[in-house]
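To keep things clear, I will list the structure first and then write my remarks on it.
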Amino acid sequence: MPETQQSLRALALVCSLKPSPSESSSELIAQHVFDTLRSQGVDCESVRCVDYDIAPGVEADMGDGDQWPQIREKVLQADILLLSTPIWLGHPASVTQRVLERLDAELSNTDEQGRPAMAGKVALVSVVGNEDGAHKVVADLFQGLNDVGYSIPAQGCTYWNGPAMESTDYKDLDEVPEQVASTTAAAARNAAHLARVLKQSQYQPYE
């Protein structure tokens with residue numbers, strides 16, 4: 001059974017290039033992470049980022065119809081952020097890079113004791129693709145998320161890569177491989193645990 005401390009909120013930023021309601025492997029693997037998070041007592045919400053007009057830039061609000069501020073409010077309220085991305089041409093989707101660039105604005109967002117606003121929050125990454133490269137993508141995203149202030153739990157990622165030169169997607173699988181499913185569940189459990197620890201005991205002041 002999950003720990004019974006404070007309730008937690010998780011937000012998945014799904015960085016598929018496919019707008020809703022198209023089926024998305026990135027959305028599906030995020031929902032599989034949510035399955036375990038919910039079993040740990042975590043409230044979960046998913047946002048398909050391509051459904052929003054996210055302006056280029058590194059400010060919290062770029063104006064002129066920029067819809068990132070709507071997403072940012074959800075990010076600030078979440079204890080756990082899941083960044084879920086496909087791999088294209090060996091890299092995270094362009095939507096994922098846009099999200100990281102907008103999160104860069106939070107580097108200057110600190111509390112009264114100098115701690116980054118995200119320093120008490122946890123980040124997870126889920127990756128899907130039909131070629132190798134998940135480890136590199138995870139490493140790139142972890143670096144960016146950690147720079148912003150997020151804490152990364154033990155084994156805080158999950159991924160699935162299909163065979164090279166083939167067209168099967170994660171969403172096309174009849175059954176998720178056991179190793180992938182167990183990795184997904186462990187990442188979610190570890191994230192919920194770390195988020196509760198950070199809620200109970202904050203990082204020391206920066207000033």
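Here, A, B, ... name the chains of the structure tokens in the order displayed, residue numbers run from 1 inside each chain, and ligands are numbered from 1 in the same displayed order.
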| Which neighbours of Leu13 (chain A) fall inside 10 Å, counting only C-alpha atoms, when residues of the same chain fewer than 4 positions from it are skipped, and could you give them as a ChimeraX atom specification? | /A:26-27,30,45-50,71,74-75,81-85,95-96,99,125
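Of the listed residues (A:Ala10, A:Val137, A:Leu124, A:Val176), A:Leu124 comes nearest to Gln155 (chain A); the distances count only C-alpha atoms.
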| query | Residues of region 48-109 of chain A in strand (DSSP E) according to DSSP, as JSON, numbers by chain? | reply | {"A": [48, 80, 81, 82, 83, 84, 85, 86, 87, 88, 91, 92]}
| query | When you draw a straight line from CA of Leu8 (chain A) to CA of Pro116 (chain A), how long is it in Å? | reply |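 Atom-to-atom, CA of Leu8 (chain A) to CA of Pro116 (chain A), that is 19.2 Å.
Considering the residues A:Glu59, A:Asp64, A:Glu23, A:Asp35 and counting only C-alpha atoms, Ala181 (chain A) has its shortest atom-to-atom contact with A:Asp35.
Here the question is which of A:Ile152, A:Ala55, A:Cys15, A:Ala105 gets nearest to Leu198 (chain A) using only C-alpha atoms, and that residue is A:Ile152.
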Might you pull out every residue within 12 Å of Asn109 (chain A), with only C-alpha atoms counted and same-chain residues fewer than 3 positions away left off, and present them as a PDB file with all heavy atoms, in the first residue's frame?
```pdb
ATOM      1  N   GLU A  59      10.952  32.814 -21.554  1.00  0.00           N
ATOM      2  CA  GLU A  59      10.269  33.574 -20.518  1.00  0.00           C
ATOM      3  C   GLU A  59       9.022  32.821 -20.063  1.00  0.00           C
ATOM      4  O   GLU A  59       8.495  31.963 -20.773  1.00  0.00           O
ATOM      5  CB  GLU A  59       9.868  34.958 -21.044  1.00  0.00           C
ATOM      6  CG  GLU A  59      11.013  35.788 -21.579  1.00  0.00           C
ATOM      7  CD  GLU A  59      12.023  36.169 -20.511  1.00  0.00           C
ATOM      8  OE1 GLU A  59      11.625  36.231 -19.322  1.00  0.00           O
ATOM      9  OE2 GLU A  59      13.194  36.412 -20.850  1.00  0.00           O
ATOM     10  N   ALA A  60       8.532  33.167 -18.871  1.00  0.00           N
ATOM     11  CA  ALA A  60       7.334  32.507 -18.349  1.00  0.00           C
ATOM     12  C   ALA A  60       6.106  32.819 -19.196  1.00  0.00           C
ATOM     13  O   ALA A  60       5.196  31.995 -19.316  1.00  0.00           O
ATOM     14  CB  ALA A  60       7.102  32.913 -16.897  1.00  0.00           C
ATOM     15  N   LEU A  76       3.449  24.316 -11.888  1.00  0.00           N
ATOM     16  CA  LEU A  76       3.772  24.838 -10.566  1.00  0.00           C
ATOM     17  C   LEU A  76       2.978  24.142  -9.465  1.00  0.00           C
ATOM     18  O   LEU A  76       3.442  24.031  -8.332  1.00  0.00           O
ATOM     19  CB  LEU A  76       3.518  26.347 -10.522  1.00  0.00           C
ATOM     20  CG  LEU A  76       4.438  27.207 -11.388  1.00  0.00           C
ATOM     21  CD1 LEU A  76       3.984  28.652 -11.366  1.00  0.00           C
ATOM     22  CD2 LEU A  76       5.891  27.091 -10.926  1.00  0.00           C
ATOM     23  N   LEU A 103      10.627  25.933 -19.628  1.00  0.00           N
ATOM     24  CA  LEU A 103      10.933  25.656 -18.223  1.00  0.00           C
ATOM     25  C   LEU A 103      12.178  26.400 -17.760  1.00  0.00           C
ATOM     26  O   LEU A 103      12.358  26.625 -16.554  1.00  0.00           O
ATOM     27  CB  LEU A 103      11.121  24.153 -18.009  1.00  0.00           C
ATOM     28  CG  LEU A 103       9.854  23.292 -18.019  1.00  0.00           C
ATOM     29  CD1 LEU A 103      10.228  21.812 -17.980  1.00  0.00           C
ATOM     30  CD2 LEU A 103       8.942  23.634 -16.850  1.00  0.00           C
ATOM     31  N   ASP A 104      13.025  26.800 -18.705  1.00  0.00           N
ATOM     32  CA  ASP A 104      14.238  27.533 -18.359  1.00  0.00           C
ATOM     33  C   ASP A 104      13.923  28.807 -17.575  1.00  0.00           C
ATOM     34  O   ASP A 104      14.730  29.262 -16.753  1.00  0.00           O
ATOM     35  CB  ASP A 104      15.008  27.875 -19.641  1.00  0.00           C
ATOM     36  CG  ASP A 104      16.321  28.587 -19.373  1.00  0.00           C
ATOM     37  OD1 ASP A 104      17.299  27.907 -19.021  1.00  0.00           O
ATOM     38  OD2 ASP A 104      16.353  29.831 -19.500  1.00  0.00           O
ATOM     39  N   ALA A 105      12.738  29.374 -17.783  1.00  0.00           N
ATOM     40  CA  ALA A 105      12.349  30.593 -17.070  1.00  0.00           C
ATOM     41  C   ALA A 105      12.295  30.368 -15.560  1.00  0.00           C
ATOM     42  O   ALA A 105      12.442  31.324 -14.782  1.00  0.00           O
ATOM     43  CB  ALA A 105      10.993  31.091 -17.568  1.00  0.00           C
ATOM     44  N   GLU A 106      12.098  29.105 -15.149  1.00  0.00           N
ATOM     45  CA  GLU A 106      11.965  28.821 -13.717  1.00  0.00           C
ATOM     46  C   GLU A 106      13.307  28.896 -12.989  1.00  0.00           C
ATOM     47  O   GLU A 106      13.340  28.845 -11.757  1.00  0.00           O
ATOM     48  CB  GLU A 106      11.317  27.450 -13.511  1.00  0.00           C
ATOM     49  CG  GLU A 106       9.976  27.282 -14.203  1.00  0.00           C
ATOM     50  CD  GLU A 106       8.991  28.416 -13.941  1.00  0.00           C
ATOM     51  OE1 GLU A 106       8.951  28.909 -12.785  1.00  0.00           O
ATOM     52  OE2 GLU A 106       8.274  28.808 -14.877  1.00  0.00           O
ATOM     53  N   GLU A 112      11.468  32.525  -0.817  1.00  0.00           N
ATOM     54  CA  GLU A 112      12.043  33.594   0.002  1.00  0.00           C
ATOM     55  C   GLU A 112      13.393  33.222   0.596  1.00  0.00           C
ATOM     56  O   GLU A 112      14.135  34.088   1.075  1.00  0.00           O
ATOM     57  CB  GLU A 112      11.074  33.976   1.134  1.00  0.00           C
ATOM     58  CG  GLU A 112      10.820  32.895   2.166  1.00  0.00           C
ATOM     59  CD  GLU A 112       9.799  31.864   1.702  1.00  0.00           C
ATOM     60  OE1 GLU A 112       9.278  32.004   0.565  1.00  0.00           O
ATOM     61  OE2 GLU A 112       9.516  30.922   2.466  1.00  0.00           O
ATOM     62  N   GLN A 113      13.756  31.943   0.529  1.00  0.00           N
ATOM     63  CA  GLN A 113      15.049  31.497   1.045  1.00  0.00           C
ATOM     64  C   GLN A 113      16.026  31.144  -0.074  1.00  0.00           C
ATOM     65  O   GLN A 113      17.044  30.506   0.166  1.00  0.00           O
ATOM     66  CB  GLN A 113      14.859  30.306   1.987  1.00  0.00           C
ATOM     67  CG  GLN A 113      14.106  30.688   3.263  1.00  0.00           C
ATOM     68  CD  GLN A 113      13.956  29.519   4.208  1.00  0.00           C
ATOM     69  OE1 GLN A 113      13.428  28.466   3.861  1.00  0.00           O
ATOM     70  NE2 GLN A 113      14.441  29.690   5.423  1.00  0.00           N
ATOM     71  N   GLY A 114      15.707  31.577  -1.288  1.00  0.00           N
ATOM     72  CA  GLY A 114      16.627  31.416  -2.403  1.00  0.00           C
ATOM     73  C   GLY A 114      16.582  30.081  -3.105  1.00  0.00           C
ATOM     74  O   GLY A 114      17.340  29.850  -4.045  1.00  0.00           O
ATOM     75  N   ARG A 115      15.694  29.200  -2.665  1.00  0.00           N
ATOM     76  CA  ARG A 115      15.608  27.883  -3.309  1.00  0.00           C
ATOM     77  C   ARG A 115      14.833  27.989  -4.621  1.00  0.00           C
ATOM     78  O   ARG A 115      13.811  28.681  -4.672  1.00  0.00           O
ATOM     79  CB  ARG A 115      14.912  26.877  -2.389  1.00  0.00           C
ATOM     80  CG  ARG A 115      15.717  26.452  -1.194  1.00  0.00           C
ATOM     81  CD  ARG A 115      14.934  25.498  -0.306  1.00  0.00           C
ATOM     82  NE  ARG A 115      13.814  26.181   0.311  1.00  0.00           N
ATOM     83  CZ  ARG A 115      13.574  26.199   1.630  1.00  0.00           C
ATOM     84  NH1 ARG A 115      14.380  25.544   2.462  1.00  0.00           N
ATOM     85  NH2 ARG A 115      12.531  26.838   2.117  1.00  0.00           N
ATOM     86  N   PRO A 116      15.287  27.304  -5.675  1.00  0.00           N
ATOM     87  CA  PRO A 116      14.500  27.271  -6.906  1.00  0.00           C
ATOM     88  C   PRO A 116      13.106  26.725  -6.624  1.00  0.00           C
ATOM     89  O   PRO A 116      12.938  25.815  -5.809  1.00  0.00           O
ATOM     90  CB  PRO A 116      15.294  26.324  -7.812  1.00  0.00           C
ATOM     91  CG  PRO A 116      16.684  26.346  -7.274  1.00  0.00           C
ATOM     92  CD  PRO A 116      16.550  26.540  -5.793  1.00  0.00           C
ATOM     93  N   ALA A 117      12.097  27.289  -7.297  1.00  0.00           N
ATOM     94  CA  ALA A 117      10.716  26.862  -7.073  1.00  0.00           C
ATOM     95  C   ALA A 117      10.534  25.375  -7.332  1.00  0.00           C
ATOM     96  O   ALA A 117       9.678  24.729  -6.720  1.00  0.00           O
ATOM     97  CB  ALA A 117       9.777  27.671  -7.960  1.00  0.00           C
ATOM     98  N   MET A 118      11.344  24.815  -8.225  1.00  0.00           N
ATOM     99  CA  MET A 118      11.203  23.401  -8.577  1.00  0.00           C
ATOM    100  C   MET A 118      12.049  22.480  -7.689  1.00  0.00           C
ATOM    101  O   MET A 118      12.020  21.265  -7.866  1.00  0.00           O
ATOM    102  CB  MET A 118      11.582  23.179 -10.049  1.00  0.00           C
ATOM    103  CG  MET A 118      10.789  24.030 -11.024  1.00  0.00           C
ATOM    104  SD  MET A 118       8.998  23.888 -10.805  1.00  0.00           S
ATOM    105  CE  MET A 118       8.417  24.921 -12.132  1.00  0.00           C
ATOM    106  N   ALA A 119      12.791  23.050  -6.751  1.00  0.00           N
ATOM    107  CA  ALA A 119      13.719  22.236  -5.957  1.00  0.00           C
ATOM    108  C   ALA A 119      13.011  21.219  -5.074  1.00  0.00           C
ATOM    109  O   ALA A 119      13.607  20.220  -4.684  1.00  0.00           O
ATOM    110  CB  ALA A 119      14.615  23.129  -5.101  1.00  0.00           C
ATOM    111  N   VAL A 148      16.904  22.978 -13.947  1.00  0.00           N
ATOM    112  CA  VAL A 148      15.787  23.817 -13.530  1.00  0.00           C
ATOM    113  C   VAL A 148      15.515  23.677 -12.035  1.00  0.00           C
ATOM    114  O   VAL A 148      14.979  24.590 -11.415  1.00  0.00           O
ATOM    115  CB  VAL A 148      14.535  23.473 -14.362  1.00  0.00           C
ATOM    116  CG1 VAL A 148      13.311  24.204 -13.858  1.00  0.00           C
ATOM    117  CG2 VAL A 148      14.768  23.811 -15.835  1.00  0.00           C
ATOM    118  N   GLY A 149      15.917  22.547 -11.454  1.00  0.00           N
ATOM    119  CA  GLY A 149      15.746  22.362 -10.018  1.00  0.00           C
ATOM    120  C   GLY A 149      15.056  21.077  -9.616  1.00  0.00           C
ATOM    121  O   GLY A 149      14.970  20.767  -8.424  1.00  0.00           O
TER     122      GLY A 149
END
```
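With only C-alpha atoms as the atoms that count, the minimum distance from Leu194 (chain A) to the choices A:Ser25, A:Gln6, A:Ser151, A:Ser39 is reached by A:Ser151.
What separates CA of Pro163 (chain A) from CA of Gly129 (chain A) is a distance of 9.2 Å.
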| request: Between A:Ala187, A:Val127, A:Ala154, A:Leu107, single out the one closest to Ser16 (chain A), counting only C-alpha atoms. | output: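 Checking each of A:Ala187, A:Val127, A:Ala154, A:Leu107 against Ser16 (chain A), counting only C-alpha atoms, the winner is A:Val127.
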| task | Figure out the distance between CA of Val122 (chain A) and CA of His193 (chain A), please, to one decimal in Å. | result |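 Between CA of His193 (chain A) and CA of Val122 (chain A) the gap is 9.8 Å.
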| said: I'd like the neighbourhood of Asn161 (chain A) as a PyMOL selection string, where a residue qualifies if any of its atoms comes within 10 Å (using only C-alpha atoms), though same-chain residues fewer than 4 positions away should be ignored. | reply: chain A and resi 86-87+127-134+168-170
